[in-house]
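This report concerns only the one structure given below.
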Amino acid sequence: MRISQHDRDKLKQAVQEIVGDGASARVFGSRLDDDRRGGDLDLYVELDTEVDNPAWIAARIVARAQTYLGDRHIDVVLRDPATPELPIHRVALQTGVIL
């Protein structure tokens with residue numbers, strides 16, 4: 001995985017600060033491939049409770065993570081119990097690494 005332990009800890013902290021302990025977060029996508037270079041940071045966040053505006057929550061997680069990690073391109077895929085499962089969710093669950 002091409003993410004330092006410090007960055008992993010800060011990502012986890014950002015998620016917890018925005019949505020609390022009732023969430024799990026996984027890194028997935030190109031950052032898991034040690035042979036690649038560059039690429040954005042893909043983060044899958046799964047909540048155990050419904051939220052009114054998942055896009056707003058995802059944007060807040062990105063903003064908080066960027067305050068800790070600098071101006072990096074971070075994509076957050078957020079799923080709460082009210083969100084139907086999509087292929088991207090399955091990929092993130094199957095291939096992602098829990099923070």
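Each chain of the structure tokens is named A, B, ... in the order shown, its residues numbered from 1; ligands are numbered from 1 in display order.
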Exercise for review: Just the residues within 9 Å of range 78-84 of chain A, please, counting only C-alpha atoms, with nothing from its chain fewer than 3 positions along; format it as JSON, numbers by chain.
Suggested key: {"A": [43, 44, 45, 46, 47, 48, 49, 50, 51, 54, 55, 57, 58, 89]}
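Proximity to His73 in chain A at 12 Å, evaluated using only C-alpha atoms and with sequence-adjacent residues fewer than 6 positions away removed, yields Arg31, Gly38, Gly39, Asp40, Leu41, Asp42, Leu43, Ala59, Val62, Ala63, Ala65 and Gln66 of chain A.
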Create the file for the chosen residues now, containing C-alpha atoms and written as a CSV table (one decimal), in the first residue's frame.
chain,number,residue,atom,x,y,z
A,31,ARG,CA,-3.1,3.3,-3.8
A,38,GLY,CA,0.5,8.7,-8.4
A,39,GLY,CA,-3.2,8.5,-8.4
A,40,ASP,CA,-5.8,9.8,-6.1
A,41,LEU,CA,-6.6,8.3,-2.7
A,42,ASP,CA,-9.9,6.4,-2.7
A,43,LEU,CA,-11.6,6.0,0.6
A,59,ALA,CA,-17.2,16.4,1.3
A,62,VAL,CA,-12.4,15.1,2.3
A,63,ALA,CA,-11.9,18.6,3.7
A,65,ALA,CA,-8.4,14.8,5.5
A,66,GLN,CA,-6.9,17.5,3.4
Check your understanding: Which one of A:Leu69, A:Leu86, A:Ile74, A:Leu99 sits closest to Val27 in chain A if you count only C-alpha atoms?
Key ->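 The answer is A:Leu99, which sits nearest to Val27 in chain A.
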Exercise for review: Go through A:Ile88, A:Ile61, A:Leu93, A:Ile98 one by one, measure the shortest atom-to-atom distance of each to Gly20 in chain A using only C-alpha atoms, and give the residue with the smallest value.
Suggested key: A:Ile61
Exercise for review: Report as a VMD selection string: the residues of chain A with a DSSP assignment of alpha helix (DSSP H), based on the backbone of this structure.
Suggested key: chain A and resid 5 to 19 54 to 69 87 to 95
Practice item. Please provide the set of residues having any atom within 12 Å of Arg37 in chain A, restricted to only C-alpha atoms, with same-chain residues fewer than 5 positions apart removed, written as a list of chain:residue names. Key: A:Met1, A:Arg2, A:Ile3, A:Ser30, A:Arg31, A:Leu32
Would you put the residues from that selection into a file with N, CA and C atoms, as a compact mmCIF listing (two decimals), in the first residue's frame?
# COMPACT_ATOMS: atom_id res chain seq x y z
N MET A 1 0.85 -1.18 0.00
CA MET A 1 0.00 0.00 0.00
C MET A 1 0.89 1.23 0.00
N ARG A 2 0.56 2.17 -0.86
CA ARG A 2 1.37 3.39 -0.98
C ARG A 2 0.79 4.52 -0.14
N ILE A 3 0.60 4.23 1.14
CA ILE A 3 0.15 5.23 2.10
C ILE A 3 0.90 4.96 3.39
N SER A 30 -6.10 2.38 -6.70
CA SER A 30 -4.71 2.33 -7.16
C SER A 30 -3.68 2.49 -6.05
N ARG A 31 -4.03 3.09 -4.93
CA ARG A 31 -3.06 3.26 -3.84
C ARG A 31 -2.68 1.94 -3.18
N LEU A 32 -3.41 0.89 -3.46
CA LEU A 32 -3.07 -0.42 -2.91
C LEU A 32 -2.00 -1.13 -3.73
Check your understanding: Would you give me, as an NGL selection string, the residues in chain A that DSSP reads as strand (DSSP E or B)?
Key -> :A and (23-28 or 41-47 or 74-79 or 97-98)
Review point. Do you have the CA of Leu11 in chain A-CA of Glu85 in chain A distance handy?
Key: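 For CA of Leu11 in chain A relative to CA of Glu85 in chain A, the distance reads 23.4 Å.
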Point to revise | CA of Glu17 in chain A to CA of Val76 in chain A, distance in Å rounded to a single decimal | key: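 A separation of 14.9 Å between them.
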**Study point:** Proximity to Arg60 in chain A - best of A:Ala92, A:Lys10, A:Gln5, A:Val15, only C-alpha atoms
**Key:**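 Using only C-alpha atoms, Arg60 in chain A sits closest to A:Val15.
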